[in-house]
Structure formats: structure tokens, C-alpha cells
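Content type mmCIF, C-alpha atoms, from the file coords14.cif:
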data_my_file
#
loop_
_atom_site.label_atom_id
_atom_site.label_comp_id
_atom_site.auth_asym_id
_atom_site.auth_seq_id
_atom_site.Cartn_x
_atom_site.Cartn_y
_atom_site.Cartn_z
CA MET A 28 32.29 17.75 -22.81
CA SER A 29 35.35 16.33 -24.42
CA LYS A 30 38.79 15.03 -23.52
CA GLY A 31 41.78 15.60 -25.69
CA ASN A 32 43.71 12.46 -26.71
CA PHE A 33 40.91 10.24 -25.43
CA LYS A 34 41.84 6.59 -25.04
CA PRO A 35 39.46 3.74 -24.16
CA GLU A 36 41.09 3.35 -20.74
CA ASP A 37 40.01 6.97 -19.98
CA GLN A 38 36.33 6.01 -20.23
CA THR A 39 35.86 5.05 -16.56
CA ILE A 40 37.22 8.27 -15.14
CA PHE A 41 35.54 10.32 -17.86
CA THR A 42 32.17 8.72 -17.05
CA SER A 43 32.64 9.28 -13.31
CA VAL A 44 33.30 12.98 -13.93
CA LEU A 45 30.25 13.28 -16.18
CA GLU A 46 28.05 11.69 -13.51
CA THR A 47 28.93 14.45 -11.06
CA ILE A 48 27.82 17.27 -13.36
CA ARG A 49 24.48 18.85 -12.47
CA LEU A 50 22.69 21.52 -14.48
CA GLU A 51 20.96 24.14 -12.39
CA GLU A 52 18.20 26.50 -13.35
CA ASN A 53 19.31 30.08 -13.78
CA VAL A 54 18.41 31.48 -10.36
CA LYS A 55 16.87 34.92 -10.52
CA SER A 56 16.37 37.47 -7.79
CA SER A 57 13.09 38.95 -6.66
CA LEU A 58 14.18 42.18 -8.37
CA ASP A 59 14.62 40.29 -11.65
CA TYR A 60 11.12 38.82 -11.42
CA PHE A 61 9.67 42.15 -10.29
CA SER A 62 11.26 44.00 -13.20
CA ALA A 63 10.11 41.45 -15.77
CA GLY A 64 6.61 41.39 -14.29
CA SER A 65 6.43 45.18 -14.44
CA GLY A 66 7.09 45.10 -18.17
CA TYR A 67 4.02 42.91 -18.65
CA TYR A 68 2.00 44.94 -16.15
CA LEU A 69 2.67 48.16 -18.06
CA LYS A 70 1.55 46.45 -21.28
CA GLN A 71 -1.62 45.33 -19.43
CA GLU A 72 -0.68 41.67 -19.90
CA PHE A 73 -1.79 40.82 -16.40
CA LYS A 74 -1.60 37.03 -16.48
CA GLN A 75 2.07 37.13 -17.46
CA ALA A 76 2.72 39.85 -14.86
CA ILE A 77 1.04 37.75 -12.16
CA GLU A 78 3.25 34.75 -12.86
CA LEU A 79 6.44 36.79 -12.46
CA TYR A 80 5.22 38.92 -9.56
CA GLU A 81 4.20 35.76 -7.67
CA LYS A 82 7.74 34.42 -8.01
CA ALA A 83 9.13 37.71 -6.75
CA LEU A 84 6.78 37.72 -3.77
CA GLU A 85 7.63 34.13 -2.86
CA LEU A 86 11.31 35.04 -2.76
CA GLU A 87 10.53 38.14 -0.71
CA LYS A 88 8.55 36.08 1.79
CA ARG A 89 11.62 33.89 2.32
CA GLU A 90 14.08 36.78 2.56
CA ARG A 91 13.31 40.43 2.08
CA LYS A 92 15.66 41.94 -0.53
CA LEU A 93 13.58 44.72 -2.11
CA ASN A 94 13.57 48.12 -0.47
CA ASP A 95 10.31 49.29 1.12
CA LYS A 96 9.13 51.28 -1.88
CA LEU A 97 9.68 48.46 -4.39
CA TRP A 98 8.18 45.88 -2.03
CA LYS A 99 5.01 47.96 -1.71
CA VAL A 100 4.82 48.40 -5.49
CA LEU A 101 5.26 44.63 -5.92
CA VAL A 102 2.40 43.82 -3.55
CA ASP A 103 0.17 46.55 -4.97
CA ASN A 104 0.83 45.66 -8.61
CA LEU A 105 0.36 41.94 -7.98
CA ALA A 106 -2.96 42.50 -6.23
CA MET A 107 -4.11 44.95 -8.91
CA ALA A 108 -3.08 42.53 -11.67
CA TYR A 109 -5.27 39.87 -10.09
CA ALA A 110 -8.17 42.33 -9.81
CA LEU A 111 -7.79 43.47 -13.40
CA ALA A 112 -7.60 39.83 -14.52
CA GLY A 113 -10.91 39.21 -12.72
CA ASP A 114 -9.68 37.34 -9.63
CA LEU A 115 -10.94 39.59 -6.83
CA LYS A 116 -10.58 36.89 -4.18
CA ARG A 117 -6.85 36.47 -4.83
CA SER A 118 -6.43 40.24 -5.10
CA LYS A 119 -7.97 40.64 -1.63
CA GLU A 120 -5.65 37.94 -0.25
CA ILE A 121 -2.58 39.75 -1.60
CA PHE A 122 -3.69 43.12 -0.21
CA GLU A 123 -4.44 41.52 3.16
CA TYR A 124 -0.98 39.97 3.14
CA GLY A 125 0.46 43.44 2.45
CA LEU A 126 -1.57 44.84 5.34
CA SER A 127 -0.26 42.12 7.65
CA ILE A 128 3.23 43.51 7.04
CA GLU A 129 2.40 47.21 6.55
CA PRO A 130 -0.94 47.79 8.34
CA PHE A 131 -0.87 51.57 8.01
CA TYR A 132 0.17 51.85 4.38
CA PRO A 133 -2.65 53.96 2.87
CA MET A 134 -2.70 52.41 -0.61
CA PHE A 135 -3.17 48.87 0.71
CA ASN A 136 -6.03 50.03 2.91
CA TYR A 137 -7.65 52.01 0.11
CA ASN A 138 -7.27 49.27 -2.48
CA VAL A 139 -8.54 46.48 -0.24
CA ALA A 140 -11.59 48.67 0.49
CA CYS A 141 -12.10 49.02 -3.26
CA ILE A 142 -11.88 45.24 -3.68
CA TYR A 143 -14.51 44.74 -0.97
CA ALA A 144 -16.73 47.25 -2.78
CA GLU A 145 -16.19 45.42 -6.09
CA MET A 146 -17.26 42.23 -4.33
CA ASP A 147 -20.44 44.00 -3.09
CA ASP A 148 -19.25 43.65 0.50
CA LEU A 149 -19.86 47.22 1.61
CA GLU A 150 -19.65 46.46 5.31
#

As a first step, turn the structure in this file into C-alpha cells.
Amino acid sequence: MSKGNFKPEDQTIFTSVLETIRLEENVKSSLDYFSAGSGYYLKQEFKQAIELYEKALELEKRERKLNDKLWKVLVDNLAMAYALAGDLKRSKEIFEYGLSIEPFYPMFNYNVACIYAEMDDLE
């Protein structure tokens, strides 16, 4: 920041203005995180996808912005990314969260059943 024709007597007011300036992180939407995560997911870079999908899901938990179709893809892809990265427990938690919102969505039911089977919990 600069001030044209700066004089020493301007320092006090200049400093007081500078002290009020705050830098904020570039706030992204759940769609932004979802889209970026999907790029990694499609490249099978699941750890990077998880990080971005988790941010999208956190925002969606606070306030739903994604349409139903994208929200379901977000939950499904996040849970599958965890499973493919070897974290079946977290995958199951994500699918169960999805089922708590959409209990009759067939893919969540099917995929959580697959996770239980992968965990040798056939009952």
C-alpha cells in the first residue's frame, strides 16, 4: 500500500488504516471443492480427492447448496475414495451418513453392503 505525496505527519493515519486491513482466505463453494476433488478422483489420486471432497461435504452439512444428484455423487465418491485408499471404516461412516439423509437411495445401500462384505461382516 502506498500514499502519494507522503509526509511524516501522515504516518499516524496511514498506520491506523493499515492496522484495519485483514487478508482473508479465498472462500470456495462446495461445488468448487467437489469439482476439484472429482479431477483427482478420475485420475485415481484418492488421497487428494478425499481432502477436497471432505471440504465440500463439510460445507454441505452446514448449508446444502448442491443439487440432489451432485450431492449423492459427492457422498458416493468420497466414500469410494476412502475405500479405494484402504480406509473401509471411514468409507462405511460416509455411506452411513448418506443413508441418514437418503435412506432409500439404492447406491448407498448397495455400496455400504459391499463395504461390510469387504470387512468380512456378512451379517

*Interatomic distance between CA of Lys96 in chain A and CA of Ala140 in chain A?*
21.0 Å

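When CA of Leu79 in chain A is paired with CA of Tyr137 in chain A, their separation reads 24.3 Å.
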
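Take CA of Leu126 in chain A and CA of Leu101 in chain A: the distance between them is 13.2 Å.
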
*Pull out every residue that the PyMOL selection byres ((chain A and resi 74) around 12) matches in the shown coordinates and put them as an MDAnalysis selection string.*
chainID A and resid 64:68 70:73 75:81 104:114

*All residues 9 Å or closer to Asn138 in chain A, only C-alpha atoms, same chain fewer than 2 positions away omitted, as a PyMOL selection string*: chain A and resi 103+106-107+119+122+133-136+140-143

*Given the choices A:Leu115, A:Asn94, A:Ser57, A:Ser62, which gets closest to Asp147 in chain A if the distance is worked out from all atoms listed in the file?*
A:Leu115
